[in-house]
file my_file.txt (compact mmCIF, C-alpha atoms)
# COMPACT_ATOMS: atom_id res chain seq x y z
CA MET A 1020 2.46 -29.05 15.14
CA ASN A 1021 3.37 -25.70 13.63
CA ILE A 1022 6.20 -27.15 11.52
CA SER A 1023 3.95 -29.80 10.00
CA LEU A 1024 1.21 -27.24 9.36
CA ASP A 1025 3.76 -24.97 7.68
CA LEU A 1026 4.87 -27.88 5.51
CA ILE A 1027 1.27 -28.72 4.60
CA SER A 1028 0.56 -25.07 3.87
CA GLY A 1029 3.70 -24.77 1.71
CA ALA A 1030 2.89 -28.00 -0.17
CA LEU A 1031 -0.70 -26.85 -0.80
CA SER A 1032 0.57 -23.47 -1.96
CA PHE A 1033 3.03 -25.18 -4.34
CA LEU A 1034 0.34 -27.52 -5.65
CA PHE A 1035 -2.30 -24.82 -6.22
CA THR A 1036 0.19 -22.49 -7.91
CA LEU A 1037 1.14 -25.28 -10.34
CA LEU A 1038 -2.51 -26.27 -10.93
CA ILE A 1039 -3.46 -22.70 -11.79
CA PHE A 1040 -0.35 -21.94 -13.83
CA SER A 1041 -1.14 -25.03 -15.93
CA TYR A 1042 -3.64 -22.76 -17.70
CA ALA A 1043 -0.64 -21.32 -19.58
CA ILE A 1044 -0.82 -24.42 -21.83
CA GLY A 1045 -4.61 -23.97 -22.26
CA ASP A 1046 -7.77 -24.92 -20.38
CA ASN A 1047 -7.15 -28.35 -18.86
CA PRO A 1048 -8.50 -30.63 -16.05
CA LEU A 1049 -5.68 -29.67 -13.64
CA PHE A 1050 -6.58 -25.99 -13.90
CA ARG A 1051 -10.26 -26.80 -13.41
CA ILE A 1052 -9.52 -28.91 -10.32
CA GLY A 1053 -7.54 -26.02 -8.84
CA VAL A 1054 -10.18 -23.43 -9.64
CA TYR A 1055 -13.16 -25.49 -8.44
CA ILE A 1056 -11.48 -26.25 -5.11
CA PHE A 1057 -10.47 -22.58 -4.78
CA VAL A 1058 -14.04 -21.42 -5.46
CA GLY A 1059 -15.41 -23.94 -2.96
CA VAL A 1060 -12.96 -22.99 -0.23
CA SER A 1061 -13.55 -19.26 -0.87
CA ALA A 1062 -17.33 -19.76 -0.72
CA GLY A 1063 -17.00 -21.67 2.58
CA TYR A 1064 -14.73 -18.93 3.92
CA ILE A 1065 -17.23 -16.22 2.89
CA ALA A 1066 -20.08 -18.14 4.56
CA SER A 1067 -18.05 -18.46 7.77
CA VAL A 1068 -17.07 -14.79 7.75
CA ALA A 1069 -20.69 -13.77 7.07
CA PHE A 1070 -21.82 -15.81 10.06
CA TRP A 1071 -19.08 -14.97 12.59
CA GLN A 1072 -18.37 -11.37 11.61
CA VAL A 1073 -21.89 -10.19 10.69
CA LEU A 1074 -24.78 -12.45 11.66
CA TYR A 1075 -23.54 -13.54 15.08
CA PRO A 1076 -22.40 -10.16 16.52
CA LYS A 1077 -25.06 -8.02 14.86
CA LEU A 1078 -28.11 -10.31 14.97
CA ILE A 1079 -27.79 -13.45 17.08
CA TYR A 1080 -25.94 -11.93 20.05
CA PRO A 1081 -28.36 -8.96 20.45
CA LEU A 1082 -31.31 -11.38 20.13
CA MET A 1083 -29.86 -13.58 22.87
CA ASN A 1084 -29.61 -10.45 25.04
CA GLY A 1085 -33.32 -9.71 24.56
CA SER A 1086 -33.19 -6.96 21.90
CA LEU A 1087 -36.73 -7.25 20.53
CA ILE A 1088 -36.20 -4.82 17.64
CA MET A 1089 -33.75 -7.30 16.13
CA PHE A 1090 -36.69 -9.58 15.33
CA VAL A 1091 -37.33 -7.32 12.30
CA PRO A 1092 -33.94 -8.05 10.60
CA LEU A 1093 -34.34 -11.68 11.74
CA LEU A 1094 -37.65 -11.86 9.88
CA LEU A 1095 -36.07 -10.15 6.84
CA ALA A 1096 -33.08 -12.55 6.98
CA VAL A 1097 -35.48 -15.53 7.09
CA LEU A 1098 -37.35 -14.05 4.11
CA ILE A 1099 -34.10 -13.64 2.17
CA LEU A 1100 -33.23 -17.28 2.94
CA MET A 1101 -36.50 -18.19 1.16
CA LYS A 1102 -34.72 -17.20 -2.07
CA VAL A 1103 -33.06 -20.63 -2.00
CA SER A 1104 -36.42 -22.34 -2.62
CA PRO A 1105 -37.98 -21.60 -6.05
CA ARG A 1106 -41.51 -21.94 -4.56
CA LEU A 1107 -40.92 -19.46 -1.71
CA ALA A 1108 -38.54 -17.12 -3.57
CA GLY A 1109 -41.32 -14.53 -4.02
CA LEU A 1110 -41.37 -13.85 -0.26
CA GLY A 1111 -37.70 -12.93 -0.42
CA SER A 1112 -38.51 -9.90 -2.60
CA ILE A 1113 -39.63 -7.99 0.53
CA ALA A 1114 -36.13 -8.25 2.00
CA MET A 1115 -34.61 -7.58 -1.42
CA ALA A 1116 -36.73 -4.41 -1.75
CA PHE A 1117 -35.42 -3.18 1.60
CA MET A 1118 -31.81 -3.86 0.55
CA VAL A 1119 -32.29 -2.21 -2.85
CA GLY A 1120 -33.86 0.88 -1.23
CA VAL A 1121 -31.00 1.20 1.26
CA GLY A 1122 -28.45 0.51 -1.47
CA ALA A 1123 -29.97 3.17 -3.74
CA ALA A 1124 -29.86 5.79 -0.97
CA VAL A 1125 -26.28 4.92 -0.03
CA THR A 1126 -25.31 4.99 -3.71
CA ILE A 1127 -26.80 8.47 -4.16
CA ALA A 1128 -25.00 9.79 -1.07
CA GLY A 1129 -21.77 8.07 -2.08
CA ALA A 1130 -21.92 9.30 -5.67
CA VAL A 1131 -22.47 12.91 -4.59
CA SER A 1132 -20.18 13.17 -1.57
CA GLY A 1133 -17.65 10.51 -2.53
CA THR A 1134 -17.17 11.12 -6.25
CA LEU A 1135 -18.92 14.13 -7.79
CA ILE A 1136 -17.90 16.81 -5.26
CA PRO A 1137 -14.30 15.55 -4.71
CA GLN A 1138 -13.66 15.13 -8.45
CA VAL A 1139 -15.10 18.54 -9.36
CA MET A 1140 -13.18 20.14 -6.49
CA GLY A 1141 -10.01 18.34 -7.60
CA THR A 1142 -10.40 19.79 -11.09
CA ILE A 1143 -11.02 23.29 -9.70
CA ASN A 1144 -8.06 22.99 -7.30
CA GLY A 1145 -5.83 22.42 -10.32
CA PHE A 1146 -6.02 26.20 -10.78
CA ASP A 1147 -5.53 27.11 -7.11
CA ILE A 1148 -2.39 29.25 -6.77
CA ASN A 1149 -2.00 28.52 -3.04
CA ILE A 1150 -2.12 24.74 -3.49
CA ALA A 1151 0.33 24.97 -6.41
CA ALA A 1152 2.69 27.13 -4.33
CA ALA A 1153 2.51 24.64 -1.46
CA ARG A 1154 3.53 21.87 -3.89
CA GLY A 1155 6.31 24.01 -5.35
CA VAL A 1156 4.65 24.22 -8.78
CA GLY A 1157 5.11 27.35 -10.90
CA LEU A 1158 2.18 29.44 -12.20
CA ILE A 1159 2.61 28.53 -15.88
CA GLU A 1160 3.06 24.83 -15.12
CA MET A 1161 -0.04 24.93 -12.90
CA ILE A 1162 -2.19 26.56 -15.60
CA PHE A 1163 -0.79 24.23 -18.29
CA ASN A 1164 -1.46 21.04 -16.28
CA GLY A 1165 -4.77 22.31 -14.91
CA ALA A 1166 -5.98 23.14 -18.43
CA PHE A 1167 -5.13 19.64 -19.67
CA ILE A 1168 -6.90 18.03 -16.70
CA LEU A 1169 -9.96 20.26 -17.20
CA ALA A 1170 -9.99 19.53 -20.95
CA GLY A 1171 -9.62 15.80 -20.29
CA THR A 1172 -12.51 15.85 -17.82
CA ILE A 1173 -14.87 17.80 -20.12
CA PHE A 1174 -13.98 15.94 -23.32
CA SER A 1175 -14.23 12.52 -21.62
CA LEU A 1176 -17.63 13.47 -20.24
CA SER A 1177 -18.68 14.58 -23.74
CA TYR A 1178 -17.91 11.07 -24.99
CA PHE A 1179 -20.69 9.78 -22.70
CA HIS A 1180 -23.20 12.30 -24.05
CA PHE A 1181 -25.59 10.21 -26.08
CA GLY A 1182 -28.27 12.81 -26.86
CA ALA A 1183 -28.81 12.77 -30.64
CA ARG A 1184 -31.02 14.58 -33.15
CA PRO A 1185 -32.55 13.15 -36.32
CA HIS A 1186 -31.10 14.38 -39.63
CA ALA A 1187 -33.00 14.96 -42.88
CA ASP A 1188 -32.07 11.45 -44.10
CA GLY A 1189 -33.53 9.93 -40.91
CA SER A 1190 -30.17 9.05 -39.36
CA MET A 1191 -29.42 10.05 -35.75
CA HIS A 1192 -26.31 12.09 -34.99
CA ARG A 1193 -24.92 14.12 -32.11
CA LEU A 1194 -24.43 17.85 -32.55
CA GLY A 1195 -21.27 18.71 -34.51
CA PHE A 1196 -19.29 20.29 -31.68
CA ILE A 1197 -20.27 17.48 -29.27
CA GLU A 1198 -19.05 14.99 -31.88
CA ILE A 1199 -15.66 16.76 -32.05
CA MET A 1200 -15.41 16.98 -28.25
CA ALA A 1201 -16.34 13.29 -27.97
CA TRP A 1202 -13.60 12.39 -30.49
CA VAL A 1203 -10.99 14.22 -28.38
CA GLY A 1204 -12.55 12.57 -25.31
CA ARG A 1205 -11.84 9.19 -26.88
CA ILE A 1206 -8.13 10.04 -26.93
CA PHE A 1207 -8.21 10.96 -23.23
CA ILE A 1208 -10.19 7.82 -22.36
CA GLY A 1209 -7.71 5.75 -24.39
CA ILE A 1210 -4.83 7.27 -22.40
CA THR A 1211 -6.64 6.63 -19.09
CA LEU A 1212 -7.45 3.02 -19.96
CA GLY A 1213 -3.85 2.57 -21.12
CA ALA A 1214 -2.63 3.85 -17.74
CA ILE A 1215 -5.03 1.48 -15.93
CA PHE A 1216 -3.85 -1.38 -18.17
CA ALA A 1217 -0.21 -0.57 -17.35
CA GLY A 1218 -0.98 -0.51 -13.61
CA LEU A 1219 -2.86 -3.79 -13.81
CA TYR A 1220 -0.09 -5.38 -15.87
CA ALA A 1221 2.52 -4.27 -13.33
CA ALA A 1222 0.41 -5.74 -10.49
CA ALA A 1223 -0.09 -9.01 -12.40
CA LEU A 1224 3.64 -9.18 -13.16
CA THR A 1225 4.43 -8.66 -9.46
CA ALA A 1226 2.03 -11.47 -8.48
CA PHE A 1227 3.52 -13.74 -11.17
CA ILE A 1228 7.09 -13.10 -9.99
CA GLU A 1229 6.03 -13.67 -6.35
CA ARG A 1230 4.47 -17.03 -7.26
CA ILE A 1231 7.49 -18.14 -9.29
CA ASN A 1232 9.69 -17.11 -6.37
CA SER A 1233 7.55 -19.15 -3.95
CA LEU A 1234 7.82 -22.22 -6.23
CA ILE A 1235 11.61 -21.87 -6.33
CA ASN A 1236 11.79 -21.36 -2.55
CA PHE A 1237 9.64 -24.44 -1.87
CA ILE A 1238 11.81 -26.65 -4.07
CA GLY A 1239 14.94 -25.02 -2.62
CA SER A 1240 13.84 -25.84 0.94
CA PHE A 1241 14.28 -29.57 0.16
CA LEU A 1242 17.70 -29.22 -1.48
CA MET B 1029 -46.94 -7.58 -3.14
CA ARG B 1030 -45.69 -5.18 -5.84
CA VAL B 1031 -47.00 -2.13 -3.97
CA LEU B 1032 -45.64 -3.42 -0.65
CA THR B 1033 -42.13 -4.05 -2.00
CA ALA B 1034 -42.04 -0.65 -3.75
CA ALA B 1035 -43.26 1.07 -0.56
CA ILE B 1036 -40.58 -0.69 1.53
CA ALA B 1037 -37.79 0.22 -0.93
CA ILE B 1038 -38.88 3.86 -1.22
CA ALA B 1039 -39.44 4.33 2.53
CA ALA B 1040 -36.09 2.72 3.44
CA GLY B 1041 -34.28 4.79 0.83
CA PHE B 1042 -35.82 8.11 1.87
CA LEU B 1043 -35.23 7.42 5.59
CA ILE B 1044 -31.55 6.70 4.88
CA LEU B 1045 -31.24 9.85 2.75
CA ALA B 1046 -33.04 11.91 5.41
CA GLY B 1047 -30.37 10.84 7.90
CA TYR B 1048 -27.75 12.69 5.82
CA PHE B 1049 -29.70 15.98 5.92
CA PHE B 1050 -31.60 15.97 9.24
CA PRO B 1051 -29.78 14.89 12.44
CA VAL B 1052 -33.07 13.72 13.95
CA PHE B 1053 -33.14 10.87 11.43
CA ALA B 1054 -29.51 9.83 12.09
CA PRO B 1055 -30.40 7.05 14.63
CA VAL B 1056 -32.99 5.61 12.19
CA GLN B 1057 -30.39 5.75 9.42
CA THR B 1058 -27.84 3.88 11.57
CA LEU B 1059 -30.45 1.27 12.53
CA LEU B 1060 -31.52 0.69 8.92
CA LEU B 1061 -27.91 0.50 7.72
CA ASN B 1062 -27.20 -2.12 10.42
CA TRP B 1063 -30.19 -4.13 9.25
CA ALA B 1064 -28.93 -3.87 5.65
CA ILE B 1065 -25.52 -5.18 6.76
CA ILE B 1066 -27.23 -8.13 8.47
CA LEU B 1067 -29.24 -8.82 5.31
CA ALA B 1068 -26.08 -8.61 3.19
CA GLY B 1069 -24.57 -11.29 5.46
CA ALA B 1070 -27.72 -13.41 5.06
CA ALA B 1071 -27.59 -12.83 1.28
CA ALA B 1072 -23.98 -14.10 1.25
CA LEU B 1073 -25.19 -17.29 2.97
CA VAL B 1074 -28.00 -17.59 0.41
CA GLY B 1075 -25.42 -17.26 -2.36
CA VAL B 1076 -23.33 -20.08 -0.92
CA LEU B 1077 -26.42 -22.26 -0.36
CA ASN B 1078 -27.46 -21.63 -3.96
CA LEU B 1079 -23.97 -22.61 -5.16
CA ILE B 1080 -24.26 -25.86 -3.21
CA THR B 1081 -27.76 -26.54 -4.58
CA VAL B 1082 -26.71 -25.96 -8.21
CA HIS B 1083 -23.66 -28.22 -7.95
CA TRP B 1084 -25.51 -30.86 -5.92
CA ASP B 1085 -28.06 -31.06 -8.74
CA LYS B 1086 -25.21 -31.56 -11.22
CA ILE B 1087 -23.87 -34.44 -9.14
CA ARG B 1088 -27.36 -35.97 -8.78
CA ARG B 1089 -27.93 -35.81 -12.55
CA ARG B 1090 -24.41 -37.23 -13.10
CA GLU B 1091 -23.52 -34.52 -15.56
CA LYS B 1092 -20.20 -34.50 -17.41
CA SER B 1093 -18.50 -32.07 -15.02
CA SER B 1094 -20.02 -33.50 -11.82
CA GLY B 1095 -16.56 -34.52 -10.57
CA TYR B 1096 -15.55 -30.87 -10.42
CA SER B 1097 -18.84 -30.06 -8.66
CA ALA B 1098 -18.05 -32.69 -6.02
CA LEU B 1099 -14.64 -31.04 -5.48
CA LEU B 1100 -16.32 -27.65 -5.11
CA ILE B 1101 -18.79 -28.95 -2.48
CA LEU B 1102 -15.94 -30.72 -0.69
CA GLY B 1103 -14.03 -27.43 -0.66
CA ILE B 1104 -17.03 -25.62 0.85
CA MET B 1105 -17.48 -28.29 3.53
CA VAL B 1106 -13.80 -28.30 4.50
CA ALA B 1107 -13.70 -24.47 4.61
CA VAL B 1108 -16.88 -24.28 6.73
CA LEU B 1109 -15.38 -26.91 9.05
CA VAL B 1110 -12.07 -25.05 9.36
CA PHE B 1111 -13.25 -21.41 9.39
CA GLY B 1112 -16.74 -21.85 10.84
CA ILE B 1113 -16.65 -24.77 13.29
CA VAL B 1114 -13.11 -25.72 14.38
CA ARG B 1115 -11.77 -22.13 14.21
CA GLN B 1116 -8.20 -23.00 15.26
CA PRO B 1117 -6.02 -20.00 14.25
CA ALA B 1118 -3.08 -22.20 13.13
CA ILE B 1119 -5.27 -24.36 10.88
CA MET B 1120 -7.14 -21.32 9.50
CA HIS B 1121 -3.80 -19.66 8.78
CA ALA B 1122 -2.50 -22.78 7.02
CA MET B 1123 -5.61 -23.02 4.84
CA MET B 1124 -5.56 -19.34 4.02
CA ASN B 1125 -1.84 -19.40 3.13
CA GLY B 1126 -2.03 -22.80 1.45
CA ILE B 1127 -5.06 -22.42 -0.80
CA ILE B 1128 -6.81 -19.04 -0.89
CA ILE B 1129 -3.87 -16.61 -1.13
CA PRO B 1130 -1.69 -18.72 -3.51
CA ALA B 1131 -4.66 -19.43 -5.81
CA GLU B 1132 -5.63 -15.75 -5.89
CA ALA B 1133 -2.04 -14.66 -6.54
CA ALA B 1134 -1.57 -17.33 -9.24
CA LEU B 1135 -4.80 -16.26 -10.97
CA MET B 1136 -3.60 -12.66 -10.78
CA GLY B 1137 -0.23 -13.78 -12.21
CA LEU B 1138 -2.03 -15.52 -15.09
CA LEU B 1139 -3.36 -12.12 -16.08
CA ILE B 1140 0.01 -11.27 -17.68
CA ILE B 1141 -0.74 -13.86 -20.36
CA SER B 1142 -4.40 -12.87 -20.76
CA LEU B 1143 -3.63 -9.14 -20.90
CA LEU B 1144 -0.82 -9.58 -23.42
CA TYR B 1145 -3.06 -11.77 -25.59
CA ALA B 1146 -5.89 -9.22 -25.32
CA ALA B 1147 -3.55 -6.37 -26.35
CA ILE B 1148 -2.36 -8.31 -29.42
CA ARG B 1149 -5.95 -9.18 -30.38
CA LEU B 1150 -6.96 -5.53 -29.98
CA LEU B 1151 -4.30 -4.43 -32.48
CA ARG B 1152 -5.28 -7.15 -34.95
CA ARG B 1153 -9.04 -6.70 -34.68
CA ARG B 1154 -9.49 -2.95 -34.12
CA ALA B 1155 -6.47 -0.86 -35.02
CA ASP B 1156 -8.17 2.55 -34.65
CA VAL B 1157 -6.94 5.74 -32.97
CA MET B 1158 -8.24 4.83 -29.52
CA SER B 1159 -6.63 1.37 -29.58
CA ILE B 1160 -3.28 2.77 -30.72
CA VAL B 1161 -3.35 5.55 -28.10
CA PHE B 1162 -4.32 2.95 -25.48
CA LEU B 1163 -1.44 0.61 -26.34
CA ILE B 1164 1.18 3.37 -26.75
CA THR B 1165 0.22 4.78 -23.34
CA ALA B 1166 0.37 1.34 -21.73
CA ALA B 1167 3.78 0.63 -23.31
CA LEU B 1168 5.15 4.05 -22.30
CA LEU B 1169 4.01 3.69 -18.69
CA ILE B 1170 5.29 0.11 -18.37
CA LEU B 1171 8.66 1.00 -19.90
CA GLY B 1172 8.84 4.18 -17.83
CA SER B 1173 8.27 2.39 -14.53
CA ALA B 1174 10.14 -0.87 -15.18
CA THR B 1175 13.70 -1.48 -14.06
CA LEU B 1176 15.46 -2.37 -17.31
CA PRO B 1177 18.76 -4.30 -17.60
CA PHE B 1178 20.49 -1.32 -19.26
CA GLY B 1179 19.10 1.23 -16.77
CA ASN B 1180 16.17 3.63 -16.96
CA ILE B 1181 15.27 5.31 -20.23
CA PRO B 1182 16.08 9.04 -19.86
CA VAL B 1183 13.15 11.53 -19.97
CA LEU B 1184 10.60 8.69 -20.20
CA GLY B 1185 10.65 7.71 -16.54
CA THR B 1186 11.28 11.16 -15.11
CA LEU B 1187 9.20 13.44 -17.33
CA ILE B 1188 6.84 11.69 -19.76
CA ARG B 1189 5.49 8.94 -17.49
CA PRO B 1190 4.60 11.24 -14.55
CA TRP B 1191 2.99 13.76 -16.91
CA VAL B 1192 0.97 11.20 -18.84
CA SER B 1193 -0.26 9.41 -15.69
CA GLY B 1194 -0.61 12.54 -13.52
CA VAL B 1195 -2.20 14.92 -16.03
CA LEU B 1196 -3.57 13.28 -19.20
CA ALA B 1197 -4.75 10.04 -17.58
CA LEU B 1198 -6.05 11.96 -14.58
CA GLY B 1199 -8.19 14.17 -16.81
CA GLY B 1200 -9.71 11.16 -18.56
CA ALA B 1201 -10.20 9.32 -15.26
CA ARG B 1202 -12.03 12.34 -13.81
CA GLY B 1203 -14.40 12.38 -16.78
CA ILE B 1204 -15.05 8.64 -16.45
CA LEU B 1205 -15.55 8.86 -12.67
CA ILE B 1206 -17.93 11.82 -12.94
CA GLY B 1207 -19.83 9.96 -15.68
CA VAL B 1208 -20.08 6.84 -13.50
CA ALA B 1209 -21.21 8.92 -10.51
CA LEU B 1210 -23.88 10.67 -12.60
CA GLY B 1211 -25.07 7.28 -13.85
CA ALA B 1212 -25.17 5.86 -10.30
CA LEU B 1213 -27.02 8.96 -9.09
CA THR B 1214 -29.64 8.64 -11.84
CA THR B 1215 -30.10 4.91 -11.23
CA GLY B 1216 -30.42 5.49 -7.47
CA LEU B 1217 -33.01 8.21 -7.99
CA ARG B 1218 -35.00 6.02 -10.40
CA VAL B 1219 -35.10 3.26 -7.75
CA LEU B 1220 -36.08 5.73 -5.01
CA PHE B 1221 -38.94 7.11 -7.10
CA GLY B 1222 -40.11 3.61 -8.02
CA ALA B 1223 -39.38 3.97 -11.75
CA ASP B 1224 -36.99 0.99 -11.58
CA ARG B 1225 -37.87 -2.00 -9.40
CA PRO B 1226 -35.01 -4.51 -9.62
CA TYR B 1227 -36.39 -6.42 -6.59
CA GLY B 1228 -39.32 -7.76 -8.66
CA GLY B 1229 -42.50 -6.26 -10.13
CA ASN B 1230 -42.42 -3.50 -12.76
call {"tool": "encode", "arguments": {"input": "my_file.txt", "output": "structure tokens"}}
result
Amino acid sequence: MNISLDLISGALSFLFTLLIFSYAIGDNPLFRIGVYIFVGVSAGYIASVAFWQVLYPKLIYPLMNGSLIMFVPLLLAVLILMKVSPRLAGLGSIAMAFMVGVGAAVTIAGAVSGTLIPQVMGTINGFDINIAAARGVGLIEMIFNGAFILAGTIFSLSYFHFGARPHADGSMHRLGFIEIMAWVGRIFIGITLGAIFAGLYAAALTAFIERINSLINFIGSFL
Amino acid sequence: MRVLTAAIAIAAGFLILAGYFFPVFAPVQTLLLNWAIILAGAAALVGVLNLITVHWDKIRRREKSSGYSALLILGIMVAVLVFGIVRQPAIMHAMMNGIIIPAEAALMGLLIISLLYAAIRLLRRRADVMSIVFLITAALLILGSATLPFGNIPVLGTLIRPWVSGVLALGGARGILIGVALGALTTGLRVLFGADRPYGGN
């Protein structure tokens, strides 16, 4: 049973890799067949996971055990299911409002405690002598690197400053020094996006090599 | 309805936020977060049902690409059967390793062509300072981290690459992340105060 399933799995893997790689010669029906089946299977998988990992243990099981308070999320879940019908979609906005409210609160907490404070602290810690000593970094190197990181942070933030004042000719411009800082910020943002691009390219290259290797291995297993 | 939805969103948001500051609200916060997780699961089901509805309509109207839509619905049905009803670990494993993971990896692998094409287009369409800095950085980091046939390039892999990615790129990334966090914070506050109502009703 396992051997045949492995063979089926390997054959499917071979087939889907070829179907998707056919995009290298341009958009074509083979690529579309591969992608549509992949989207369908992924959607079915997501639906199954949503039911068995979320709805069953968190809603249906407690309801079966007599937890009356779970009738509230049940009602909200039923309301959200109304979104499928165009006539009843309006009722779903109650559940959507609840989700948006919770999402907004979680976003605020996450932005402050998960990004703002750690990133600001990280920039400050770039000048911490104790941390630098623990890493074996010299004082001058610490100040040099810390200054570049601080400058990069401030200049990149300046790039996103869109407050402008009207000039005599009616045109809108940022203040002169903000404009200069934003220009330097563009260089830092360019470097950052370049680094992200390089990381993404390396990951894509790894995936490509892994797929080519799997194609060769599958053919090789029959030789 | 508008007032009711706004009141629900604002009350839920403030109760969740209160849980972070006052321990007495922590059980309410946990309860509401659990309800939100349940609703997210229900929303995922709605998304899949909507996908089925849209593609079923295409098949019914016999549109040009209805054959692909039929394949998509077939894929959903097979996946629901395997992952949701039969739930045999060996079959689930085979489907996961035969379709989902290879297709994802192959699509990721295709990115090398798309990214290369995008980089060339960027140089041809917009050869300004930012584009040139972007491409030079990308080339430096790729060359600095790649294993080349003639060995590593001296200085590049040991000095320039770590400094560019660990100092210059870090500085820019911090600015972008702080900017994103400030934007998320502002948007969240606007929703909590009812200025933005993305759930319907201005």
call {"tool": "closest_residue", "arguments": {"input": "my_file.txt", "among": "A:Ile1206, A:Met1083, A:Leu1110, A:Met1191", "to": "chain B", "atoms": "all atoms listed in the file"}}
result
A:Ile1206
call {"tool": "residues_around", "arguments": {"input": "my_file.txt", "residues": "Gly1211 in chain B", "least_positions_apart": "4", "cutoff": "12 Å", "atoms": "all atoms listed in the file", "output": "list in words"}}
result
Ala1123, Thr1126, Ile1127, Ala1130, Val1131, Thr1134, Leu1135, Leu1176, Phe1179 and His1180 of chain A; Ile1204, Leu1205, Ile1206, Gly1207, Thr1215, Gly1216, Leu1217 and Arg1218 of chain B
call {"tool": "write_last_selection", "arguments": {"input": "my_file.txt", "atoms": "C-alpha atoms", "output": "CSV table (one decimal), keeping the file's coordinate frame"}}
result
chain,number,residue,atom,x,y,z
A,1123,ALA,CA,-30.0,3.2,-3.7
A,1126,THR,CA,-25.3,5.0,-3.7
A,1127,ILE,CA,-26.8,8.5,-4.2
A,1130,ALA,CA,-21.9,9.3,-5.7
A,1131,VAL,CA,-22.5,12.9,-4.6
A,1134,THR,CA,-17.2,11.1,-6.2
A,1135,LEU,CA,-18.9,14.1,-7.8
A,1176,LEU,CA,-17.6,13.5,-20.2
A,1179,PHE,CA,-20.7,9.8,-22.7
A,1180,HIS,CA,-23.2,12.3,-24.0
B,1204,ILE,CA,-15.0,8.6,-16.4
B,1205,LEU,CA,-15.6,8.9,-12.7
B,1206,ILE,CA,-17.9,11.8,-12.9
B,1207,GLY,CA,-19.8,10.0,-15.7
B,1215,THR,CA,-30.1,4.9,-11.2
B,1216,GLY,CA,-30.4,5.5,-7.5
B,1217,LEU,CA,-33.0,8.2,-8.0
B,1218,ARG,CA,-35.0,6.0,-10.4
call {"tool": "atom_distance", "arguments": {"input": "my_file.txt", "atom1": "CA of Ile1038 in chain B", "atom2": "CA of Met1089 in chain A"}}
result
21.3 Å
call {"tool": "closest_residue", "arguments": {"input": "my_file.txt", "among": "A:Ser1233, A:Ser1041, A:Ser1028, A:Asn1149", "to": "chain B", "atoms": "all atoms listed in the file"}}
result
A:Ser1028
call {"tool": "closest_residue", "arguments": {"input": "my_file.txt", "among": "B:Ser1093, B:Thr1081, B:Thr1058, B:Ser1142", "to": "Tyr1042 in chain A", "atoms": "all atoms listed in the file"}}
result
B:Ser1142
call {"tool": "atom_distance", "arguments": {"input": "my_file.txt", "atom1": "CA of Leu1077 in chain B", "atom2": "CA of Ala1064 in chain B"}}
result
19.5 Å
call {"tool": "decode", "arguments": {"input": "my_file.txt", "residues": "range 1154-1165 of chain B", "atoms": "C-alpha atoms", "output": "PDB file, in the first residue's frame"}}
result
ATOM      1  CA  ARG B1154      13.662  53.407 -14.537  1.00  0.00           C
ATOM      2  CA  ALA B1155      17.426  53.681 -14.338  1.00  0.00           C
ATOM      3  CA  ASP B1156      17.534  56.149 -11.418  1.00  0.00           C
ATOM      4  CA  VAL B1157      19.729  56.178  -8.297  1.00  0.00           C
ATOM      5  CA  MET B1158      17.394  53.993  -6.233  1.00  0.00           C
ATOM      6  CA  SER B1159      17.120  51.329  -8.956  1.00  0.00           C
ATOM      7  CA  ILE B1160      20.888  51.220  -9.457  1.00  0.00           C
ATOM      8  CA  VAL B1161      21.561  51.025  -5.698  1.00  0.00           C
ATOM      9  CA  PHE B1162      18.900  48.304  -5.444  1.00  0.00           C
ATOM     10  CA  LEU B1163      20.407  46.172  -8.208  1.00  0.00           C
ATOM     11  CA  ILE B1164      24.045  46.677  -7.135  1.00  0.00           C
ATOM     12  CA  THR B1165      23.133  45.632  -3.575  1.00  0.00           C
TER      13      THR B1165
END
